[in-house]
Each structure stands twice: as structure tokens, then as C-alpha cells.
Amino acid sequence: MTFGATILDADGLRLSADEKAFFRDADPFGFILFARNIADAGQVRALCNDFREAVGRNCPITIDQEGGRVQRLRSPLGREWLPPLEHVQRAGADAERAMYLRYRLIADELHGLGIDSNCAPIADVACADTHEFLKNRCYGEDAPAVAAIGRAVAQGHLDGGVLPVLKHIPGHGRATADSHLDLPHVASTPDLLEQTDFAAFRALNDLPLGMTAHLVYDAYDSRPATTSPVVMQLIREQIGFDGLVMTDDISMKALKGSLTDITRDSLAAGCDVVLLCNAPLEDRIAVAEAAGSMSEAAQTRADRALAARKPPADLDIQAAEDELAALMGGQVYG
């Protein structure tokens, strides 16, 4: 079986008849949820079942549940977390363990709803000029520490039966613009990038899934990383990441051109799968047609990623919450 080279979303709380028919034909690799798709636990489980019934398999369903500003599940479905950077700072020397417990609890919330992937960890290394859209979502300004915390975050997901998505490869921390609205440029030298930004991702290059960064690295190419064969080769060879690479949302304003052209350019550059969010059905259909089926290499990576999806290990929720509270001096939630 070869999957469609897309990850798509739904308009509302359940799939329409048109969406069901489209997804059955397009067979996207997986799906992503947003706040508009979430009402209560029973509804979320039913929507996840809709997705899987439409494609006829146990496809991955992902979400953005970083905690802090970026979390689609809110109380009572999900705990209200501090921003990741604040969580790390409060935990201090215990940041790795505290972040493991945080994301082990998040994984438990997600898995219980039928969601088996999460767009975390973030291995972007923050700096003084990091744009505010990203800054407090990062784990720090030291690449080895960021990588160590990223490893703990990833393991928390995996132990909870949830696939982590490493982002934003090969590093978004030096962006001074919000890629949702504009195309950031990074003018740093290759030596500096290799020692800092890229180093954090190299330390995590064995993770099953990754997401690209929509920004230009001036030292390498004039094209955004997502559509740059040069940067994609760097990700595969220099960083050594051989997991499934999905684009960040191709509807973000950082990328110019038609959605179908961006789709073709992303796949031609070396991305495995295209993520399209918040688009009308006709745009989703056009992107799925432009993307077609996964390449042989992409399908191999997809199969390997899905094989990393294991049943969750046992979790004593109260003990995990108590330990986390002790590590955080009592203030765990936002």
C-alpha cells in the first residue's frame, strides 16, 4: 500500500459526506486536528474514527499540543500548561525530567482521545532576536541542553503511545519574522548554524517524524527550506535525519505561489509529505491531486514511523503529577 503524500484536516466536528468521499479516494498519510474540530471527548474520538474509517486503516492523527500558547486541547480535555520555555526555566536543573513528565501526561491525554501524534518536540535554539511567535515555545538558548530536553520530550510521547514530530528542521530559532505572516531570512554563517541550530537537530536525527521550517538560509539557498533541494539535502546528509519529513503548513504566508505549485516544489525538493491546514475542500482536493502518492523512499519512512507507534506503557497519573509538582516547586500549570 502506498499512501497519499498529504496530511490534511477537516472543516468541523465530524466529517461531511464530501470529505469522507474525498479522503477515501486521496488516502492521505494522516490528519491534523485544530480547535474547531474539538468539542468534547466523545466527539473527538468519533472524529478520529471518521478519519480512520474513511481511509480504511489506522492512520496517524496529529495535533499541536505544545502547551502554553499553542495547545488545541483546553480544559477539561487537557491540562493548561505553562509555556515550554517558562516550564524549563522553573524546573532548572530538573528540566529534562520535568519536561518528560509534562509530555508523558500530554501523551496520555491525546492517546485517550484517539490522537496518536503530536507536533513536538521543538528543537529550535532560541536567541536574543528570536521572534516572539516562537520564543517562549523553545526550550532554551544552548543547543546541547535543547537537544537533551527535546529527547526527553520525544520519549515522553513514545512511552505514551504517541509519535513525536520534531520541528522545525533544520532550525527556526534565528528567525526574526513570523513565518505565518512573512518569509524570514537567516543570514548566519554555515559554521555558526552547524555549531548551534543544526547541532540540536543532529542529536535527534533518529526520531521518526520531522517538520520543516519555512525560512530562507541565505548562506545556502534563496529558496525557503521547505522548497529547497539544497537545504533538504543538508537535512538528510549533514544533519542525518532519515525520518519522514512533512512540510510545515503550506498555506502559511511565508510561502508564495499557488498551493499546487508549492506542493510540487516541496516534494521535488525532498519532503516526503505535504501538510495543508485551514483550506477549503476544493484546495485540499487540488493539493492531494498535485501531491499524488508517496515516493518509494517516503513510503519506507512512513512505514518505519508507524512501526514506532507502540501501545502506551502503564502510567500512574497521580504519581507523575506529584513528582512534576515537586520538581516545579508547586507551579505546574498556566
# chains A, B, ... in the order shown; residues from 1 in each chain; ligands from 1
>>> residues_around(residues="region 93-100 of chain A", least_positions_apart="2", cutoff="9 Å", atoms="only C-alpha atoms", output="PyMOL selection string")
chain A and resi 84+87-91+102-105+145+148-157+323-325+327-328
>>> write_last_selection(atoms="C-alpha atoms", output="PDB file, in the first residue's frame")
ATOM      1  CA  PRO A  84       7.539  25.459  27.408  1.00  0.00           C
ATOM      2  CA  HIS A  87       8.418  25.408  32.295  1.00  0.00           C
ATOM      3  CA  VAL A  88      12.089  24.716  31.537  1.00  0.00           C
ATOM      4  CA  GLN A  89      13.254  27.788  33.421  1.00  0.00           C
ATOM      5  CA  ARG A  90      11.192  26.974  36.514  1.00  0.00           C
ATOM      6  CA  ALA A  91      12.425  23.376  36.551  1.00  0.00           C
ATOM      7  CA  ARG A 102       4.809  17.046  31.147  1.00  0.00           C
ATOM      8  CA  TYR A 103       4.714  15.353  27.761  1.00  0.00           C
ATOM      9  CA  ARG A 104       4.067  11.910  29.196  1.00  0.00           C
ATOM     10  CA  LEU A 105       0.891  13.390  30.705  1.00  0.00           C
ATOM     11  CA  ALA A 145      20.557  21.459  26.530  1.00  0.00           C
ATOM     12  CA  ALA A 148      18.632  16.832  25.756  1.00  0.00           C
ATOM     13  CA  ILE A 149      15.256  18.290  26.676  1.00  0.00           C
ATOM     14  CA  GLY A 150      13.979  17.501  23.177  1.00  0.00           C
ATOM     15  CA  ARG A 151      14.999  13.883  23.698  1.00  0.00           C
ATOM     16  CA  ALA A 152      13.082  13.765  26.974  1.00  0.00           C
ATOM     17  CA  VAL A 153      10.014  15.298  25.321  1.00  0.00           C
ATOM     18  CA  ALA A 154      10.156  12.772  22.484  1.00  0.00           C
ATOM     19  CA  GLN A 155      10.490   9.869  24.913  1.00  0.00           C
ATOM     20  CA  GLY A 156       7.520  11.098  26.921  1.00  0.00           C
ATOM     21  CA  HIS A 157       5.432  10.895  23.768  1.00  0.00           C
ATOM     22  CA  GLU A 323       6.604  14.270  41.007  1.00  0.00           C
ATOM     23  CA  LEU A 324       6.200  17.039  38.466  1.00  0.00           C
ATOM     24  CA  ALA A 325       4.785  19.406  41.078  1.00  0.00           C
ATOM     25  CA  LEU A 327      10.217  19.398  40.545  1.00  0.00           C
ATOM     26  CA  MET A 328       8.415  22.624  39.663  1.00  0.00           C
TER      27      MET A 328
END
>>> closest_atom_pairs(of="region 219-308 of chain A", to="region 172-193 of chain A", cutoff="6 Å", atoms="only C-alpha atoms", output="Markdown table")
| residue | atom | partner | partner_atom | distance |
| --- | --- | --- | --- | --- |
| A:Met252 | CA | A:His180 | CA | 4.8 |
| A:Lys253 | CA | A:Leu181 | CA | 4.8 |
| A:Ala254 | CA | A:Leu183 | CA | 4.0 |
>>> select_by_dssp(residues="region 20-246 of chain A", states="strand (DSSP E)", output="VMD selection string")
chain A and resid 28 to 33 61 to 63 65 to 67 70 to 71 117 to 118 163 to 169 185 to 186 209 to 212 216 to 217 244 to 246
>>> write_last_selection(atoms="C-alpha atoms", output="PDB file, in the first residue's frame")
ATOM      1  CA  PRO A  28      -3.743  10.907   2.886  1.00  0.00           C
ATOM      2  CA  PHE A  29      -0.945   9.629   5.104  1.00  0.00           C
ATOM      3  CA  GLY A  30      -2.619  11.213   8.108  1.00  0.00           C
ATOM      4  CA  PHE A  31      -4.684  14.034   9.536  1.00  0.00           C
ATOM      5  CA  ILE A  32      -4.322  17.006  11.880  1.00  0.00           C
ATOM      6  CA  LEU A  33      -6.803  18.469  14.362  1.00  0.00           C
ATOM      7  CA  ILE A  61      -3.760  11.702  13.647  1.00  0.00           C
ATOM      8  CA  THR A  62      -1.666  14.584  14.908  1.00  0.00           C
ATOM      9  CA  ILE A  63      -2.246  17.856  16.734  1.00  0.00           C
ATOM     10  CA  GLN A  65      -0.311  20.334  21.799  1.00  0.00           C
ATOM     11  CA  GLU A  66       2.893  22.019  22.924  1.00  0.00           C
ATOM     12  CA  GLY A  67       1.265  23.586  25.978  1.00  0.00           C
ATOM     13  CA  VAL A  70      -0.018  26.542  21.346  1.00  0.00           C
ATOM     14  CA  GLN A  71      -2.399  23.852  22.523  1.00  0.00           C
ATOM     15  CA  SER A 117       0.891  12.015  17.164  1.00  0.00           C
ATOM     16  CA  ASN A 118       1.893  15.456  18.415  1.00  0.00           C
ATOM     17  CA  LEU A 163       4.523   9.712  17.746  1.00  0.00           C
ATOM     18  CA  PRO A 164       6.543  12.912  18.232  1.00  0.00           C
ATOM     19  CA  VAL A 165       7.091  15.310  15.318  1.00  0.00           C
ATOM     20  CA  LEU A 166      10.452  17.081  15.564  1.00  0.00           C
ATOM     21  CA  LYS A 167      10.272  20.725  14.476  1.00  0.00           C
ATOM     22  CA  HIS A 168      11.252  22.948  12.772  1.00  0.00           C
ATOM     23  CA  ILE A 169      14.066  21.283  10.803  1.00  0.00           C
ATOM     24  CA  HIS A 185      15.674  35.227   6.288  1.00  0.00           C
ATOM     25  CA  VAL A 186      18.618  33.952   8.333  1.00  0.00           C
ATOM     26  CA  LEU A 209       8.910  12.286  12.085  1.00  0.00           C
ATOM     27  CA  GLY A 210      10.042  15.839  11.417  1.00  0.00           C
ATOM     28  CA  MET A 211       8.579  19.119  10.178  1.00  0.00           C
ATOM     29  CA  THR A 212      10.330  21.692   8.016  1.00  0.00           C
ATOM     30  CA  VAL A 216      15.477  31.133   3.949  1.00  0.00           C
ATOM     31  CA  TYR A 217      19.046  30.340   4.964  1.00  0.00           C
ATOM     32  CA  LEU A 244       9.579  11.099   7.477  1.00  0.00           C
ATOM     33  CA  VAL A 245       9.752  14.818   6.698  1.00  0.00           C
ATOM     34  CA  MET A 246       6.489  16.722   6.466  1.00  0.00           C
TER      35      MET A 246
END
>>> residues_around(residues="region 1-8 of chain A", least_positions_apart="4", cutoff="9 Å", atoms="only C-alpha atoms", output="PyMOL selection string")
chain A and resi 23+26-33+61+246+267+272-278+284+287-288+291-296+298-299+302
>>> residues_around(residues="Pro76 (chain A)", least_positions_apart="6", cutoff="12 Å", atoms="only C-alpha atoms", output="number ranges by chain")
A: 38-41, 109
>>> write_last_selection(atoms="N, CA and C atoms", output="mmCIF file, in the first residue's frame")
data_model
loop_
_atom_site.group_PDB
_atom_site.id
_atom_site.type_symbol
_atom_site.label_atom_id
_atom_site.label_comp_id
_atom_site.auth_asym_id
_atom_site.auth_seq_id
_atom_site.Cartn_x
_atom_site.Cartn_y
_atom_site.Cartn_z
ATOM 1 N N ILE A 38 -12.751 20.300 17.879
ATOM 2 C CA ILE A 38 -12.765 19.750 19.242
ATOM 3 C C ILE A 38 -13.909 20.356 20.052
ATOM 4 N N ALA A 39 -14.794 19.482 20.538
ATOM 5 C CA ALA A 39 -15.885 19.921 21.415
ATOM 6 C C ALA A 39 -15.831 19.184 22.750
ATOM 7 N N ASP A 40 -15.863 17.864 22.698
ATOM 8 C CA ASP A 40 -15.796 17.053 23.907
ATOM 9 C C ASP A 40 -15.134 15.724 23.564
ATOM 10 N N ALA A 41 -14.885 14.928 24.585
ATOM 11 C CA ALA A 41 -14.112 13.701 24.383
ATOM 12 C C ALA A 41 -14.794 12.739 23.419
ATOM 13 N N GLU A 109 -3.260 12.190 27.645
ATOM 14 C CA GLU A 109 -4.475 12.902 27.246
ATOM 15 C C GLU A 109 -4.817 12.637 25.784
#
>>> atom_distance(atom1="CA of Gln238 (chain A)", atom2="CA of Lys256 (chain A)")
27.1 Å
>>> closest_residue(among="A:Cys59, A:Ala107, A:Gly334, A:Thr130", to="Asp303 (chain A)", atoms="only C-alpha atoms")
A:Cys59
>>> residues_around(residues="Arg309 (chain A)", least_positions_apart="2", cutoff="9 Å", atoms="only C-alpha atoms", output="list in words")
Asp116, Ser117, Leu158, Gly161, Val162, Leu163, Ala305, Leu306, Ala307, Pro311 and Pro312 of chain A
>>> write_last_selection(atoms="N, CA, C and O atoms", output="PDB file, in the first residue's frame")
ATOM      1  N   ASP A 116      -2.745  10.068  18.046  1.00  0.00           N
ATOM      2  CA  ASP A 116      -1.530   9.289  18.280  1.00  0.00           C
ATOM      3  C   ASP A 116      -0.266   9.947  17.723  1.00  0.00           C
ATOM      4  O   ASP A 116       0.732   9.270  17.457  1.00  0.00           O
ATOM      5  N   SER A 117      -0.296  11.268  17.566  1.00  0.00           N
ATOM      6  CA  SER A 117       0.891  12.015  17.164  1.00  0.00           C
ATOM      7  C   SER A 117       0.763  13.430  17.707  1.00  0.00           C
ATOM      8  O   SER A 117      -0.351  13.912  17.934  1.00  0.00           O
ATOM      9  N   LEU A 158       6.619   8.888  23.117  1.00  0.00           N
ATOM     10  CA  LEU A 158       6.727   7.495  22.693  1.00  0.00           C
ATOM     11  C   LEU A 158       6.258   6.538  23.788  1.00  0.00           C
ATOM     12  O   LEU A 158       5.589   5.537  23.505  1.00  0.00           O
ATOM     13  N   GLY A 161       2.551   6.148  23.723  1.00  0.00           N
ATOM     14  CA  GLY A 161       1.910   5.642  22.515  1.00  0.00           C
ATOM     15  C   GLY A 161       1.641   6.703  21.467  1.00  0.00           C
ATOM     16  O   GLY A 161       0.796   6.507  20.584  1.00  0.00           O
ATOM     17  N   VAL A 162       2.370   7.817  21.538  1.00  0.00           N
ATOM     18  CA  VAL A 162       2.154   8.952  20.641  1.00  0.00           C
ATOM     19  C   VAL A 162       3.443   9.253  19.887  1.00  0.00           C
ATOM     20  O   VAL A 162       4.522   9.344  20.492  1.00  0.00           O
ATOM     21  N   LEU A 163       3.349   9.416  18.563  1.00  0.00           N
ATOM     22  CA  LEU A 163       4.523   9.712  17.746  1.00  0.00           C
ATOM     23  C   LEU A 163       4.879  11.194  17.841  1.00  0.00           C
ATOM     24  O   LEU A 163       4.033  12.051  17.556  1.00  0.00           O
ATOM     25  N   ALA A 305       8.054   4.943  10.511  1.00  0.00           N
ATOM     26  CA  ALA A 305       7.491   5.821  11.543  1.00  0.00           C
ATOM     27  C   ALA A 305       6.303   5.149  12.229  1.00  0.00           C
ATOM     28  O   ALA A 305       6.183   5.167  13.463  1.00  0.00           O
ATOM     29  N   LEU A 306       5.424   4.540  11.442  1.00  0.00           N
ATOM     30  CA  LEU A 306       4.255   3.902  12.027  1.00  0.00           C
ATOM     31  C   LEU A 306       4.636   2.707  12.898  1.00  0.00           C
ATOM     32  O   LEU A 306       3.962   2.407  13.886  1.00  0.00           O
ATOM     33  N   ALA A 307       5.740   2.070  12.558  1.00  0.00           N
ATOM     34  CA  ALA A 307       6.209   0.939  13.371  1.00  0.00           C
ATOM     35  C   ALA A 307       6.706   1.403  14.742  1.00  0.00           C
ATOM     36  O   ALA A 307       6.774   0.596  15.683  1.00  0.00           O
ATOM     37  N   PRO A 311       1.901   0.587  21.876  1.00  0.00           N
ATOM     38  CA  PRO A 311       0.914   0.788  22.940  1.00  0.00           C
ATOM     39  C   PRO A 311       1.551   1.544  24.102  1.00  0.00           C
ATOM     40  O   PRO A 311       2.742   1.365  24.397  1.00  0.00           O
ATOM     41  N   PRO A 312       0.787   2.389  24.776  1.00  0.00           N
ATOM     42  CA  PRO A 312       1.380   3.154  25.883  1.00  0.00           C
ATOM     43  C   PRO A 312       1.784   2.262  27.048  1.00  0.00           C
ATOM     44  O   PRO A 312       1.124   1.261  27.345  1.00  0.00           O
TER      45      PRO A 312
END
>>> atom_distance(atom1="CA of Glu289 (chain A)", atom2="CA of Gly270 (chain A)")
17.8 Å
>>> residues_around(residues="Ala143 (chain A)", least_positions_apart="3", cutoff="10 Å", atoms="only C-alpha atoms", output="MDAnalysis selection string")
chainID A and resid 123:126 139:140 146:149 195:201 203
>>> atom_distance(atom1="CA of Asp142 (chain A)", atom2="CA of Cys127 (chain A)")
8.9 Å
